[in-house]
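Chemist: Handing over coords.txt, compact mmCIF, C-alpha atoms.
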# COMPACT_ATOMS: atom_id res chain seq x y z
CA MET T 1 18.54 -46.31 10.53
CA SER T 2 17.88 -46.15 14.27
CA ASP T 3 21.03 -46.02 16.39
CA ASN T 4 19.47 -48.53 18.81
CA ILE T 5 18.03 -50.98 16.27
CA ARG T 6 20.17 -52.51 13.55
CA THR T 7 19.18 -56.17 13.73
CA ILE T 8 15.56 -57.36 13.73
CA GLY T 9 14.35 -60.87 14.50
CA ILE T 10 10.95 -61.66 13.02
CA ILE T 11 8.82 -64.44 14.49
CA GLY T 12 6.24 -65.62 11.97
CA LEU T 13 7.24 -65.52 8.31
CA GLY T 14 3.83 -65.13 6.74
CA LEU T 15 2.38 -62.30 4.68
CA ILE T 16 3.08 -59.56 7.21
CA GLY T 17 6.32 -60.96 8.63
CA GLY T 18 7.69 -61.50 5.14
CA SER T 19 6.63 -58.05 3.99
CA PHE T 20 8.37 -56.42 6.96
CA ALA T 21 11.49 -58.51 6.36
CA ASP T 22 11.71 -57.27 2.78
CA ALA T 23 11.00 -53.64 3.71
CA PHE T 24 13.53 -53.53 6.56
CA LYS T 25 16.18 -55.38 4.55
CA GLU T 26 15.88 -52.78 1.80
CA LYS T 27 16.77 -50.08 4.34
CA GLY T 28 19.89 -51.89 5.52
CA TYR T 29 18.68 -53.74 8.61
CA LEU T 30 19.99 -57.24 9.27
CA ILE T 31 17.05 -59.63 9.45
CA TYR T 32 16.71 -62.95 11.28
CA GLY T 33 13.68 -65.21 11.21
CA LEU T 34 11.80 -67.90 13.13
CA ASP T 35 8.96 -70.03 11.81
CA LYS T 36 7.74 -73.57 12.52
CA SER T 37 6.68 -74.13 8.90
CA ALA T 38 9.18 -75.92 6.68
CA ASP T 39 7.57 -74.32 3.62
CA ALA T 40 7.90 -70.83 5.06
CA LEU T 41 11.53 -71.44 5.98
CA SER T 42 12.31 -72.83 2.52
CA LEU T 43 10.80 -69.78 0.82
CA SER T 44 12.62 -67.51 3.27
CA VAL T 45 15.95 -69.14 2.47
CA ASP T 46 15.32 -68.66 -1.25
CA SER T 47 14.51 -64.97 -0.69
CA SER T 48 18.05 -64.17 0.54
CA LEU T 49 16.59 -61.61 2.97
CA PHE T 50 17.79 -63.26 6.16
CA GLU T 51 21.10 -63.47 7.99
CA GLY T 52 19.82 -66.49 9.89
CA LEU T 53 16.72 -68.69 9.99
CA THR T 54 15.50 -71.35 12.40
CA ASP T 55 12.45 -73.24 13.62
CA SER T 56 13.76 -73.22 17.22
CA LEU T 57 13.01 -70.44 19.71
CA ASP T 58 16.22 -71.27 21.60
CA GLU T 59 18.31 -70.84 18.47
CA PHE T 60 16.43 -67.69 17.53
CA LEU T 61 17.18 -66.07 20.86
CA ASP T 62 20.89 -66.74 20.31
CA PHE T 63 20.85 -64.48 17.25
CA PRO T 64 22.29 -60.96 17.87
CA LEU T 65 18.92 -59.20 18.03
CA ASP T 66 18.23 -55.55 18.81
CA LEU T 67 14.48 -56.07 18.36
CA ILE T 68 12.09 -59.02 18.39
CA TYR T 69 9.16 -58.52 16.01
CA ILE T 70 6.22 -60.91 16.59
CA CYS T 71 4.05 -61.56 13.50
CA ILE T 72 1.84 -64.50 14.51
CA PRO T 73 -1.87 -64.82 15.45
CA VAL T 74 -2.76 -62.98 18.63
CA PHE T 75 -3.27 -65.91 21.03
CA SER T 76 0.03 -67.43 19.92
CA ALA T 77 1.61 -63.99 20.37
CA ILE T 78 0.26 -63.67 23.93
CA LYS T 79 1.58 -67.14 24.78
CA LEU T 80 4.96 -66.23 23.30
CA ILE T 81 5.13 -62.92 25.21
CA LYS T 82 4.59 -64.84 28.45
CA GLU T 83 7.24 -67.41 27.52
CA LEU T 84 9.76 -64.67 26.76
CA GLY T 85 8.88 -63.03 30.06
CA LYS T 86 9.46 -66.26 31.97
CA ARG T 87 12.85 -66.54 30.30
CA GLY T 88 13.75 -63.04 31.45
CA ILE T 89 14.29 -61.74 27.92
CA THR T 90 15.28 -58.06 27.97
CA THR T 91 15.45 -57.53 24.19
CA PRO T 92 12.83 -54.94 23.11
CA ILE T 93 9.71 -56.48 21.58
CA THR T 94 7.03 -55.26 19.21
CA ASP T 95 4.30 -57.06 17.28
CA ALA T 96 1.87 -56.79 14.36
CA SER T 97 -1.28 -58.18 15.96
CA SER T 98 -4.72 -56.75 15.19
CA THR T 99 -5.70 -56.51 18.87
CA LYS T 100 -3.58 -54.80 21.47
CA ALA T 101 -4.99 -54.74 25.02
CA SER T 102 -4.35 -58.41 25.86
CA LEU T 103 -0.78 -58.28 24.55
CA GLN T 104 -0.09 -55.10 26.50
CA SER T 105 -1.46 -56.75 29.65
CA ALA T 106 0.77 -59.82 29.17
CA ALA T 107 3.82 -57.63 28.57
CA ASP T 108 3.08 -55.57 31.68
CA GLU T 109 2.62 -58.72 33.74
CA TYR T 110 6.15 -59.86 32.91
CA ASN T 111 7.70 -56.37 32.85
CA ILE T 112 8.73 -56.77 29.21
CA ASN T 113 10.18 -53.87 27.23
CA TYR T 114 7.29 -53.84 24.77
CA CYS T 115 5.66 -51.47 22.30
CA GLY T 116 2.50 -52.75 20.63
CA GLY T 117 2.03 -52.27 16.91
CA HIS T 118 -0.62 -52.84 14.26
CA PRO T 119 0.10 -52.30 10.55
CA ILE T 120 -3.05 -51.29 8.69
CA ALA T 121 -2.01 -53.30 5.67
CA GLY T 122 -2.61 -56.73 4.26
CA LYS T 123 -4.33 -58.90 1.70
CA GLU T 124 -6.96 -61.62 1.76
CA THR T 125 -4.14 -64.05 0.90
CA SER T 126 -1.63 -65.36 3.43
CA GLY T 127 1.84 -66.87 3.60
CA PHE T 128 5.39 -65.78 2.82
CA ILE T 129 4.80 -66.45 -0.86
CA HIS T 130 2.43 -63.46 -0.93
CA ALA T 131 4.73 -61.12 1.04
CA ASP T 132 5.01 -57.68 -0.54
CA LYS T 133 6.84 -54.72 1.01
CA ASN T 134 4.71 -52.36 -1.09
CA ILE T 135 1.59 -53.05 1.00
CA LEU T 136 3.32 -51.22 3.86
CA LYS T 137 4.21 -48.01 2.02
CA GLN T 138 2.02 -45.07 3.06
CA SER T 139 -0.04 -47.41 5.25
CA PHE T 140 -0.83 -46.44 8.82
CA HIS T 141 1.02 -48.19 11.63
CA ILE T 142 -0.65 -47.89 15.04
CA LEU T 143 1.59 -47.90 18.11
CA THR T 144 0.29 -48.50 21.61
CA GLY T 145 1.91 -48.65 25.02
CA LYS T 146 4.05 -46.39 27.13
CA ASP T 147 5.61 -43.22 25.76
CA ASN T 148 9.24 -44.23 26.22
CA GLY T 149 12.47 -44.57 24.28
CA LEU T 150 11.38 -47.83 22.68
CA ARG T 151 8.25 -46.30 21.24
CA LYS T 152 10.34 -43.60 19.54
CA ASP T 153 12.69 -46.25 18.09
CA ILE T 154 9.73 -48.29 16.80
CA LYS T 155 8.20 -45.15 15.30
CA ASP T 156 11.48 -44.32 13.55
CA ILE T 157 12.01 -47.71 11.93
CA HIS T 158 8.47 -47.80 10.53
CA GLU T 159 8.67 -44.29 9.19
CA MET T 160 11.93 -45.29 7.51
CA ILE T 161 10.07 -47.92 5.46
CA GLY T 162 7.43 -45.39 4.43
CA MET T 163 4.67 -46.01 6.97
CA ARG T 164 2.57 -43.33 8.66
CA VAL T 165 2.83 -43.85 12.42
CA ILE T 166 0.20 -42.75 14.92
CA PHE T 167 -0.20 -43.45 18.64
CA MET T 168 -3.31 -44.83 20.31
CA GLU T 169 -4.33 -46.23 23.70
CA ALA T 170 -4.70 -50.04 23.51
CA ASN T 171 -8.35 -50.34 24.58
CA LYS T 172 -9.38 -47.51 22.25
CA HIS T 173 -7.52 -49.27 19.43
CA ASP T 174 -9.40 -52.51 20.00
CA MET T 175 -12.79 -50.77 19.94
CA ILE T 176 -12.03 -48.74 16.80
CA PHE T 177 -10.80 -51.77 14.87
CA ALA T 178 -13.66 -53.95 16.08
CA LEU T 179 -15.85 -51.36 14.39
CA ASN T 180 -14.02 -50.68 11.12
CA SER T 181 -12.19 -53.97 10.53
CA HIS T 182 -13.35 -56.88 12.65
CA MET T 183 -17.10 -56.35 12.15
CA PRO T 184 -16.73 -55.93 8.35
CA HIS T 185 -14.89 -59.26 8.25
CA LEU T 186 -17.62 -60.93 10.31
CA ILE T 187 -20.30 -59.48 8.01
CA ALA T 188 -18.43 -60.69 4.91
CA PHE T 189 -18.07 -64.19 6.40
CA THR T 190 -21.77 -64.22 7.27
CA LEU T 191 -22.93 -63.06 3.84
CA VAL T 192 -20.99 -65.82 2.09
CA GLU T 193 -22.40 -68.28 4.64
CA LEU T 194 -25.92 -67.01 3.94
CA LEU T 195 -25.64 -67.50 0.19
CA ASN T 196 -24.03 -70.90 0.58
CA ASN T 197 -26.68 -72.09 3.04
CA THR T 198 -29.64 -70.66 1.11
CA ASP T 199 -28.74 -71.52 -2.48
CA LYS T 200 -25.22 -72.66 -3.35
CA LYS T 201 -25.90 -72.20 -7.06
CA SER T 202 -26.43 -68.48 -6.46
CA LEU T 203 -22.68 -68.19 -5.89
CA ASP T 204 -22.20 -69.01 -9.58
CA PHE T 205 -23.95 -65.76 -10.45
CA SER T 206 -21.96 -63.54 -8.12
CA GLY T 207 -21.09 -60.24 -9.74
CA ALA T 208 -18.27 -57.80 -9.14
CA GLY T 209 -20.14 -56.07 -6.31
CA PHE T 210 -20.55 -59.26 -4.29
CA LYS T 211 -16.96 -60.31 -4.95
CA ASP T 212 -15.61 -56.90 -3.91
CA PHE T 213 -17.75 -56.82 -0.78
CA THR T 214 -16.82 -60.34 0.31
CA ARG T 215 -13.16 -60.39 -0.79
CA ILE T 216 -12.06 -60.34 2.86
CA ALA T 217 -14.11 -63.48 3.55
CA ALA T 218 -11.18 -65.41 2.03
CA SER T 219 -8.95 -64.29 4.92
CA ASN T 220 -6.77 -66.49 7.13
CA PRO T 221 -8.99 -68.47 9.59
CA ALA T 222 -6.25 -68.87 12.22
CA MET T 223 -5.70 -65.14 12.40
CA TRP T 224 -9.36 -64.13 12.35
CA SER T 225 -10.67 -66.68 14.83
CA ASP T 226 -8.05 -65.37 17.28
CA ILE T 227 -9.01 -61.75 16.60
CA PHE T 228 -12.71 -62.40 17.17
CA ALA T 229 -12.09 -64.33 20.37
CA ASP T 230 -9.60 -61.84 21.80
CA ASN T 231 -11.81 -58.85 20.97
CA ARG T 232 -14.92 -60.70 22.12
CA ALA T 233 -16.43 -57.99 24.37
CA ASN T 234 -16.25 -55.30 21.69
CA MET T 235 -17.52 -57.69 19.03
CA LEU T 236 -20.54 -58.78 21.10
CA SER T 237 -21.49 -55.17 21.75
CA LEU T 238 -21.26 -54.27 18.07
CA ILE T 239 -23.12 -57.41 16.98
CA ASN T 240 -26.01 -56.34 19.22
CA ASP T 241 -25.91 -52.86 17.66
CA TYR T 242 -25.89 -54.40 14.19
CA ILE T 243 -28.85 -56.66 14.99
CA TYR T 244 -30.75 -53.57 16.15
CA LEU T 245 -30.06 -51.85 12.80
CA LEU T 246 -31.11 -54.95 10.84
CA GLU T 247 -34.35 -55.10 12.83
CA ASN T 248 -34.93 -51.47 11.91
CA TRP T 249 -34.46 -52.25 8.21
CA LYS T 250 -36.74 -55.27 8.59
CA THR T 251 -39.48 -53.11 10.09
CA LEU T 252 -39.23 -50.59 7.27
CA LEU T 253 -39.57 -53.40 4.72
CA GLU T 254 -42.51 -54.95 6.57
CA GLU T 255 -44.22 -51.56 6.67
CA GLU T 256 -43.39 -50.93 3.01
CA ASN T 257 -41.99 -47.58 4.07
CA GLN T 258 -40.17 -46.80 0.84
CA ASP T 259 -39.75 -43.10 1.61
CA GLU T 260 -37.78 -43.75 4.79
CA ILE T 261 -35.77 -46.51 3.11
CA TYR T 262 -34.88 -44.02 0.38
CA ASP T 263 -33.88 -41.39 2.96
CA LYS T 264 -31.69 -43.87 4.87
CA ILE T 265 -29.91 -45.05 1.73
CA SER T 266 -29.42 -41.45 0.62
CA ALA T 267 -27.89 -40.42 3.94
CA ILE T 268 -25.66 -43.50 4.16
CA SER T 269 -24.53 -43.13 0.55
CA LYS T 270 -23.49 -39.54 1.27
CA ILE T 271 -21.38 -40.69 4.24
CA ARG T 272 -19.71 -43.40 2.17
CA ARG T 273 -18.88 -41.02 -0.68
CA MET T 274 -17.09 -38.76 1.79
CA LEU T 275 -14.59 -41.58 2.41
CA GLY T 276 -13.37 -41.31 -1.18
As a first step, turn the structure in this file into structure tokens.

Modeler:
Amino acid sequence: MSDNIRTIGIIGLGLIGGSFADAFKEKGYLIYGLDKSADALSLSVDSSLFEGLTDSLDEFLDFPLDLIYICIPVFSAIKLIKELGKRGITTPITDASSTKASLQSAADEYNINYCGGHPIAGKETSGFIHADKNILKQSFHILTGKDNGLRKDIKDIHEMIGMRVIFMEANKHDMIFALNSHMPHLIAFTLVELLNNTDKKSLDFSGAGFKDFTRIAASNPAMWSDIFADNRANMLSLINDYIYLLENWKTLLEEENQDEIYDKISAISKIRRMLG
């Protein structure tokens, strides 16, 4: 256990917040929680993980917290960071948002002791009822922000629960995850939309491949609409790149260029197999 962090206050008791609560509790940390949802609070009470729970930010800030851990959608997180800054909160803060640059900017604006974080873990389901500490074990946890004492403390507590911590600059993080997470979600949403708009009955014949590919299309709309909007510039650039690739495939089909289609599929299949 970190000498500087013994009590953790988690804001947002959903899938990720609940999973962190369980993981940290197992390692001996004292956990406090804040959520506006009566259902989330009821489930949290029943879990016996928390020393204190509330739906009030004022009450939450009265808890004896060594760290505030924000686990809510990114725009709500940015708004909260600014509110904490206006209140002059000096308690160290981290978060679990999927975009980092905007949060870092808000924290810098209010001179908050902040270290950004992004757990590369999750499910297509949401809510405290689906919380599972095991999704965090051996998963990567990306830390952004200044190389200071807080970042070391945040690294230590995540390694203690079995996560693999790496450091990354915030803007680089947002571009990388636009490419390997945010775009795949957008493509999955779009493919389900395409089938539904073209022939709803075709969904009845969906096989394992389609279901595996589009599993993430069942993800939380509040979280993902925030991610897309906050990472808008990177997303627009990649959407243009993707349209260019689709136009290329379209041309090959129009030209009946089966040899080049075969070569492209062969090369792409080889790259995918290298991922394991």

Chemist: So that I can check the surroundings of T:Tyr29, please list as a list in words every protein, DNA and RNA residue that reaches within 10 Å of it, counting all atoms listed in the file and ignoring chain neighbours fewer than 3 positions away.

Modeler: Met1, Ser2, Ile5, Arg6, Thr7, Ile8, Ala21, Asp22, Ala23, Phe24, Lys25, Glu26, Tyr32, Leu49, Phe50 and Ile157 of chain T

Chemist: Quick one: residues within 10 Å of T:Asn134, only C-alpha atoms, excluding same-chain residues fewer than 6 positions away - as a list in words?

Modeler: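 The contact residues come out as Ser19, Phe20, Asp22, Ala23, Ala121, Ile161 and Gly162 of chain T.
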
Chemist: Any idea what the distance is between atom CA of T:His185 and atom CA of T:Ser126?

Modeler: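 Distance reported for this atom pair: 15.4 Å.
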
Chemist: What is the atom CA of T:Asp226 to atom CA of T:Leu238 distance in Å?

Modeler: 17.3 Å

Chemist: Near stretch 79-91 of chain T, counting only C-alpha atoms, which residues have an atom at most 8 Å away, once you skip same-chain residues fewer than 3 positions from it, shown as a PyMOL selection string?

Modeler: chain T and resi 65-68+75-76+103+106-107+110-113

Chemist: Output the selection as a PDB file, in the coordinates of the input - C-alpha atoms for each residue.

Modeler:
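Saved result, out08.pdb, follows:
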ATOM      1  CA  LEU T  65      18.920 -59.200  18.030  1.00  0.00           C
ATOM      2  CA  ASP T  66      18.230 -55.550  18.810  1.00  0.00           C
ATOM      3  CA  LEU T  67      14.480 -56.070  18.360  1.00  0.00           C
ATOM      4  CA  ILE T  68      12.090 -59.020  18.390  1.00  0.00           C
ATOM      5  CA  PHE T  75      -3.270 -65.910  21.030  1.00  0.00           C
ATOM      6  CA  SER T  76       0.030 -67.430  19.920  1.00  0.00           C
ATOM      7  CA  LEU T 103      -0.780 -58.280  24.550  1.00  0.00           C
ATOM      8  CA  ALA T 106       0.770 -59.820  29.170  1.00  0.00           C
ATOM      9  CA  ALA T 107       3.820 -57.630  28.570  1.00  0.00           C
ATOM     10  CA  TYR T 110       6.150 -59.860  32.910  1.00  0.00           C
ATOM     11  CA  ASN T 111       7.700 -56.370  32.850  1.00  0.00           C
ATOM     12  CA  ILE T 112       8.730 -56.770  29.210  1.00  0.00           C
ATOM     13  CA  ASN T 113      10.180 -53.870  27.230  1.00  0.00           C
TER      14      ASN T 113
END

Chemist: Quick one, how far is atom CA of T:Ala188 from atom CA of T:Asn248?

Modeler: 20.2 Å

Chemist: For T:Ile261, which of T:Trp249, T:Leu194, T:Lys211, T:Ile16 is the closest residue, counting all atoms listed in the file?

Modeler: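 Among T:Trp249, T:Leu194, T:Lys211, T:Ile16, it is T:Trp249 that comes nearest to T:Ile261.
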
Chemist: Give me, as an mmCIF file with C-alpha atoms, in the coordinates of the input, all polymer residues having an atom no more than 9 Å from T:Ser44, counting all atoms listed in the file and skipping those fewer than 2 positions away in the same chain.

Modeler:
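In the end it all went to result_23.cif:
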data_model
loop_
_atom_site.group_PDB
_atom_site.id
_atom_site.type_symbol
_atom_site.label_atom_id
_atom_site.label_comp_id
_atom_site.auth_asym_id
_atom_site.auth_seq_id
_atom_site.Cartn_x
_atom_site.Cartn_y
_atom_site.Cartn_z
ATOM 1 C CA LEU T 13 7.240 -65.520 8.310
ATOM 2 C CA GLY T 18 7.690 -61.500 5.140
ATOM 3 C CA GLY T 33 13.680 -65.210 11.210
ATOM 4 C CA ASP T 39 7.570 -74.320 3.620
ATOM 5 C CA ALA T 40 7.900 -70.830 5.060
ATOM 6 C CA LEU T 41 11.530 -71.440 5.980
ATOM 7 C CA SER T 42 12.310 -72.830 2.520
ATOM 8 C CA ASP T 46 15.320 -68.660 -1.250
ATOM 9 C CA SER T 47 14.510 -64.970 -0.690
ATOM 10 C CA SER T 48 18.050 -64.170 0.540
ATOM 11 C CA LEU T 49 16.590 -61.610 2.970
ATOM 12 C CA PHE T 50 17.790 -63.260 6.160
ATOM 13 C CA LEU T 53 16.720 -68.690 9.990
ATOM 14 C CA PHE T 128 5.390 -65.780 2.820
ATOM 15 C CA ILE T 129 4.800 -66.450 -0.860
#

Chemist: Point out the residue among T:Gly12, T:Gly209, T:Gly145, T:Gly52 with the least atom-to-atom distance to T:Lys172, counting all atoms listed in the file.

Modeler: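 Once distances to T:Lys172 are computed over all atoms listed in the file, the minimum belongs to T:Gly145.
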
Chemist: T:Ser56, T:Thr214, T:Ser202, T:Asn240: which is nearest T:Ile11, counting only C-alpha atoms?

Modeler: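 Of T:Ser56, T:Thr214, T:Ser202, T:Asn240, the one nearest T:Ile11 is T:Ser56, counting only C-alpha atoms.
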
Chemist: From the options T:Phe140, T:Phe63, T:Phe177, T:Trp224, which residue's atoms come nearest to T:Leu34, counting only C-alpha atoms?

Modeler: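 Answer, going by the shortest atom-to-atom distance: T:Phe63.
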
Chemist: Compare T:Leu245, T:Met274, T:Cys115, T:Ala96 by their minimum atom-to-atom distance to T:His141, counting all atoms listed in the file, and give me the closest one.

Modeler: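 With all atoms listed in the file as the atom set, the closest residue is T:Ala96.
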
Chemist: Please tell me which residues are no farther than 9 Å from (6.9, -41.6, 17.4) in the file, counting only C-alpha atoms, and write them as a ChimeraX atom specification.

Modeler: /T:143,147,151-156,159,165-167

Chemist: Using all atoms listed in the file, which residue out of T:Lys146, T:Arg215, T:Lys270, T:Lys264 lies closest to T:Gly117?

Modeler: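 The shortest atom-to-atom distance to T:Gly117 comes from T:Lys146.
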
Chemist: Could you name the residues that touch T:Ser102 at 10 Å or less, counting only C-alpha atoms, but leaving out those on the same chain fewer than 5 positions away, as a PyMOL selection string?

Modeler: chain T and resi 74-75+77-78+107-108+170-171+174+230-231
